[in-house]
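Undergrad: Below you will find the structure I want to go over with you.
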Amino acid sequence: MTIERAACLVAAALLAACQPAEPDRDPDRGEDRAAIHALLVDYGRTLDARDFDGFAALFARDGVYLAGGGGEPLSGAEAGEAMRRTFAENALGFAEPNYHLLFNETVAFTGPDSATATSQSLYMVPGEDGAPRAAMMAAYDDELVREGGRWKFARREVRGLMPAPSGSGASRD
Amino acid sequence: MTIERAACLVAAALLAACQPAEPDRDPDRGEDRAAIHALLVDYGRTLDARDFDGFAALFARDGVYLAGGGGEPLSGAEAGEAMRRTFAENALGFAEPNYHLLFNETVAFTGPDSATATSQSLYMVPGEDGAPRAAMMAAYDDELVREGGRWKFARREVRGLMPAPSGSGASRD
Amino acid sequence: MTIERAACLVAAALLAACQPAEPDRDPDRGEDRAAIHALLVDYGRTLDARDFDGFAALFARDGVYLAGGGGEPLSGAEAGEAMRRTFAENALGFAEPNYHLLFNETVAFTGPDSATATSQSLYMVPGEDGAPRAAMMAAYDDELVREGGRWKFARREVRGLMPAPSGSGASRD
């Protein structure tokens, strides 16, 4: 053992002996929280910019995307291509430009490099007068993972809230 | 005094002597901020899920809820029961499902276990076509307290912003 | 060199030798993030309260405000006066009260006292029935600076998103 190593152990022991226990204080995860928030915003931002490759890159290597109502799990690349088709077809005839408004975000860490999150969105499209109109509302349930230093979607499940998904029991009266 | 205790005091003294003053740097309250944000989101989430017991539990032991316009202060349990009746009666005839969209949140700490917060909400309900429609907008003024390790409402006052409360001087022209 | 200073250097050296490298861990900027979030909320809050002096004070000494579409850069004071006139004229005839709903905020630090931010807003006004209606949507690109201990706008550029700015190529079909 070198002198430096011995001194280091002594210092560490002194410090450890001095640390109060702080049993109810979590380590601060502010930068992780900010990075996860940015990931959730990027989900909408890439779609709004029709950046489907950027969208696909938000998913982890083995990440999966599930559109609510029993769709197959898609990889990030598959989800990007599915989104490309969805926007090209524009089956619901939304005017452009249109934007995701993201809110009600909560995050819970499950480990140093993993977390779960819930959030919601409004999809804002131009109304007849050009003013913003909320066309759809959705909820997201996420499992997140840090991969290569970046937080990514390990699993994102999207559920439509409004209009009520067909076949749901939700009242629309 | 044991040797360990003496060594500890020496180390602590050394450390204290080495700490730069940092007079304009507040301690980081990131985890407290995240817990308070989650509380504000839970207010809407419990109501949206018709979880009135969960709603009541968001209030501190002596916490009070004040609906704007001069209502009596309610305890958390009373506020939960009032909400249960309000949603059962549904006097304004809102379609379901419906959701609180929470935003413009600011938090200021007043002590290690207390804070104030301001925020706003939109109440989103299905419109005639099933798409989300903003039915009401409200503002919240909160006093928050940490109790049993959890942040809770010590006092939440809600004020309706739109439609303009009856009797208010707000112009609707 | 005093004994205390020598002891301090020894303790610091011991500690430095013991610190793991942590190359991918940024310092936590939670309080800065909270202050910047509050600045962005205050932009809307001051306008909604018609507090144009408070609005002007959100800009740094040399801060500039650019309304999208090629307007001249305005100082904070000039921007406050321009806003005062805009709200007095109310050329678009919006009913009162009205509020900025702020969302999709991301912040990136460029130094200890500087950052960039992007965010968006909806401008909520009373509709014919008094319920909240989204009248406009905008995007903000910010350069932020800490000045006198407070985060301020060094440069804020606002771009209208909806209704589509006249002369834009955005499709509204």
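Every chain in the structure tokens takes a letter, A first, then B, and so on in the order presented; its residues are numbered from 1, and the ligands are numbered from 1 following the presented order.
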Would you list the contacts of Val145 (chain A) as an MDAnalysis selection string, taking every protein, DNA or RNA residue within 6 Å and counting only C-alpha atoms, but skipping same-chain residues closer than 3 positions in sequence?
TA: chainID A and resid 113:114 151:152 154
Undergrad: Residues of chain C that have any atom at most 7 Å from an atom of chain B: could you tabulate them with the shortest-distance atom pair and the distance in Å to one decimal, using only C-alpha atoms, ordered by chain and increasing number, as a tab-separated table?
TA:
```
residue	atom	partner	partner_atom	distance
C:Ala7	CA	B:Leu14	CA	6.8
C:Cys8	CA	B:Cys18	CA	5.8
C:Ala11	CA	B:Leu14	CA	6.5
C:Gly30	CA	B:Gly30	CA	5.5
C:Glu31	CA	B:Asp28	CA	5.8
C:Ala38	CA	B:Thr106	CA	6.0
C:Val41	CA	B:Asn104	CA	5.9
C:Ala95	CA	B:Arg172	CA	5.3
C:Glu96	CA	B:Ser171	CA	5.5
C:Pro97	CA	B:Ala170	CA	6.5
C:Leu101	CA	B:Asn104	CA	6.6
C:Leu102	CA	B:Asn104	CA	6.2
C:Pro126	CA	B:Met162	CA	6.7
C:Gly130	CA	B:Pro163	CA	4.5
C:Ala131	CA	B:Pro163	CA	4.9
C:Pro132	CA	B:Ala134	CA	5.7
C:Arg133	CA	B:Ala134	CA	6.8
```
Undergrad: Find the spatial neighbours of Arg84 (chain C), counting only C-alpha atoms, within a cut-off of 8 Å - ignore same-chain residues fewer than 4 positions away - and output them as number ranges by chain.
TA: C: 50, 52, 80, 88
Undergrad: Restricting it to C-alpha atoms, dump the selection as a PDB file, in the first residue's frame.
TA:
```pdb
ATOM      1  CA  ARG C  50     -50.464  44.424 -16.946  1.00  0.00           C
ATOM      2  CA  PHE C  52     -45.245  46.468 -17.712  1.00  0.00           C
ATOM      3  CA  GLY C  80     -42.389  47.141 -21.767  1.00  0.00           C
ATOM      4  CA  ALA C  88     -54.157  49.274 -24.493  1.00  0.00           C
TER       5      ALA C  88
END
```
Undergrad: Can you pull out every residue within 10 Å of Ala56 (chain A), counting only C-alpha atoms, but drop anything in the same chain fewer than 5 positions away, and send it as a PDB file with C-alpha atoms, in the first residue's frame?
TA:
```pdb
ATOM      1  CA  TYR A  43     -40.749  13.325 -28.179  1.00  0.00           C
ATOM      2  CA  THR A  46     -39.216  15.735 -33.135  1.00  0.00           C
ATOM      3  CA  ASP A  51     -37.823  14.617 -37.627  1.00  0.00           C
ATOM      4  CA  GLY A  63     -36.715   0.179 -26.429  1.00  0.00           C
ATOM      5  CA  TYR A  65     -43.211   1.882 -28.303  1.00  0.00           C
ATOM      6  CA  SER A  75     -38.778  -0.724 -31.897  1.00  0.00           C
ATOM      7  CA  GLY A  76     -37.665   2.894 -32.028  1.00  0.00           C
ATOM      8  CA  ALA A  77     -36.860   2.595 -35.742  1.00  0.00           C
ATOM      9  CA  GLU A  78     -40.231   0.951 -36.446  1.00  0.00           C
ATOM     10  CA  ALA A  79     -42.030   3.602 -34.415  1.00  0.00           C
ATOM     11  CA  GLY A  80     -40.242   6.319 -36.400  1.00  0.00           C
ATOM     12  CA  GLU A  81     -41.374   4.772 -39.679  1.00  0.00           C
ATOM     13  CA  MET A  83     -45.002   7.974 -37.382  1.00  0.00           C
ATOM     14  CA  PHE A 153     -37.301   5.412 -23.665  1.00  0.00           C
TER      15      PHE A 153
END
```
Undergrad: For the atom pair CA of Asp53 (chain C) and CA of Ala82 (chain C), what is the interatomic distance in Å to one decimal place?
TA: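 CA of Ala82 (chain C) lies 11.4 Å from CA of Asp53 (chain C).
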Undergrad: Enter the distance from CA of Tyr99 (chain B) to CA of Pro73 (chain B), in Å, rounded to one decimal.
TA: 24.4 Å
Undergrad: Apply DSSP to the backbone of this structure and, from chain A, keep only the residues in helix (DSSP H, G or I); write these as a PyMOL selection string.
TA: chain A and resi 3-18+30-48+52-56+76-89
Undergrad: Only C-alpha atoms, please: the residues just picked out, written as a PDB file, in the first residue's frame.
TA:
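Output file again_21.pdb follows:
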```pdb
ATOM      1  CA  ILE A   3       1.516   6.300   1.440  1.00  0.00           C
ATOM      2  CA  GLU A   4      -1.063   8.153  -0.723  1.00  0.00           C
ATOM      3  CA  ARG A   5      -3.468   5.236  -0.629  1.00  0.00           C
ATOM      4  CA  ALA A   6      -3.079   4.958   3.136  1.00  0.00           C
ATOM      5  CA  ALA A   7      -3.665   8.672   3.582  1.00  0.00           C
ATOM      6  CA  CYS A   8      -6.708   8.432   1.372  1.00  0.00           C
ATOM      7  CA  LEU A   9      -8.187   5.628   3.438  1.00  0.00           C
ATOM      8  CA  VAL A  10      -7.551   7.592   6.613  1.00  0.00           C
ATOM      9  CA  ALA A  11      -9.258  10.660   5.178  1.00  0.00           C
ATOM     10  CA  ALA A  12     -12.164   8.586   3.911  1.00  0.00           C
ATOM     11  CA  ALA A  13     -12.556   6.915   7.296  1.00  0.00           C
ATOM     12  CA  LEU A  14     -12.515  10.281   9.045  1.00  0.00           C
ATOM     13  CA  LEU A  15     -15.114  11.625   6.650  1.00  0.00           C
ATOM     14  CA  ALA A  16     -17.324   8.550   6.878  1.00  0.00           C
ATOM     15  CA  ALA A  17     -17.237   8.758  10.659  1.00  0.00           C
ATOM     16  CA  CYS A  18     -18.382  12.378  10.452  1.00  0.00           C
ATOM     17  CA  GLY A  30     -31.742  17.450 -10.652  1.00  0.00           C
ATOM     18  CA  GLU A  31     -29.641  16.980 -13.770  1.00  0.00           C
ATOM     19  CA  ASP A  32     -31.209  13.577 -14.390  1.00  0.00           C
ATOM     20  CA  ARG A  33     -34.648  15.130 -13.945  1.00  0.00           C
ATOM     21  CA  ALA A  34     -33.775  17.885 -16.417  1.00  0.00           C
ATOM     22  CA  ALA A  35     -32.467  15.372 -18.964  1.00  0.00           C
ATOM     23  CA  ILE A  36     -35.612  13.250 -18.617  1.00  0.00           C
ATOM     24  CA  HIS A  37     -37.816  16.314 -18.989  1.00  0.00           C
ATOM     25  CA  ALA A  38     -35.903  17.210 -22.158  1.00  0.00           C
ATOM     26  CA  LEU A  39     -36.452  13.665 -23.486  1.00  0.00           C
ATOM     27  CA  LEU A  40     -40.194  13.988 -22.938  1.00  0.00           C
ATOM     28  CA  VAL A  41     -40.227  17.372 -24.662  1.00  0.00           C
ATOM     29  CA  ASP A  42     -38.111  15.977 -27.511  1.00  0.00           C
ATOM     30  CA  TYR A  43     -40.749  13.325 -28.179  1.00  0.00           C
ATOM     31  CA  GLY A  44     -43.153  16.079 -29.185  1.00  0.00           C
ATOM     32  CA  ARG A  45     -40.527  18.358 -30.698  1.00  0.00           C
ATOM     33  CA  THR A  46     -39.216  15.735 -33.135  1.00  0.00           C
ATOM     34  CA  LEU A  47     -42.742  14.794 -34.239  1.00  0.00           C
ATOM     35  CA  ASP A  48     -43.738  18.443 -34.640  1.00  0.00           C
ATOM     36  CA  PHE A  52     -38.643  10.907 -37.583  1.00  0.00           C
ATOM     37  CA  ASP A  53     -35.020   9.774 -37.380  1.00  0.00           C
ATOM     38  CA  GLY A  54     -34.555  12.034 -34.356  1.00  0.00           C
ATOM     39  CA  PHE A  55     -37.764  10.547 -32.939  1.00  0.00           C
ATOM     40  CA  ALA A  56     -36.461   6.974 -33.411  1.00  0.00           C
ATOM     41  CA  GLY A  76     -37.665   2.894 -32.028  1.00  0.00           C
ATOM     42  CA  ALA A  77     -36.860   2.595 -35.742  1.00  0.00           C
ATOM     43  CA  GLU A  78     -40.231   0.951 -36.446  1.00  0.00           C
ATOM     44  CA  ALA A  79     -42.030   3.602 -34.415  1.00  0.00           C
ATOM     45  CA  GLY A  80     -40.242   6.319 -36.400  1.00  0.00           C
ATOM     46  CA  GLU A  81     -41.374   4.772 -39.679  1.00  0.00           C
ATOM     47  CA  ALA A  82     -44.915   4.304 -38.365  1.00  0.00           C
ATOM     48  CA  MET A  83     -45.002   7.974 -37.382  1.00  0.00           C
ATOM     49  CA  ARG A  84     -43.645   8.978 -40.804  1.00  0.00           C
ATOM     50  CA  ARG A  85     -46.546   7.127 -42.457  1.00  0.00           C
ATOM     51  CA  THR A  86     -49.123   8.443 -39.983  1.00  0.00           C
ATOM     52  CA  PHE A  87     -48.160  12.047 -40.632  1.00  0.00           C
ATOM     53  CA  ALA A  88     -47.921  11.507 -44.427  1.00  0.00           C
ATOM     54  CA  GLU A  89     -51.402   9.974 -44.523  1.00  0.00           C
TER      55      GLU A  89
END
```
Undergrad: State, in Å with one decimal place, the distance from CA of Asp142 (chain C) to CA of Phe94 (chain C).
TA: 26.6 Å
Undergrad: Give the answer as one residue: which of C:Leu74, C:Val125, C:Val64, C:Phe109 has the shortest atom-to-atom distance to Gly93 (chain C), using only C-alpha atoms?
TA: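 Smallest distance to Gly93 (chain C) is found for C:Val125.
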Undergrad: Report the residues of region 37-106 of chain B whose backbone DSSP state falls under strand (DSSP E), written as a list in words.
TA: Phe59, Ala60, Arg61, Asp62, Gly63, Val64, Tyr65, Leu66, Ala67, Leu74, Ser75, Tyr99, His100, Leu101, Leu102, Phe103, Asn104, Glu105 and Thr106 of chain B
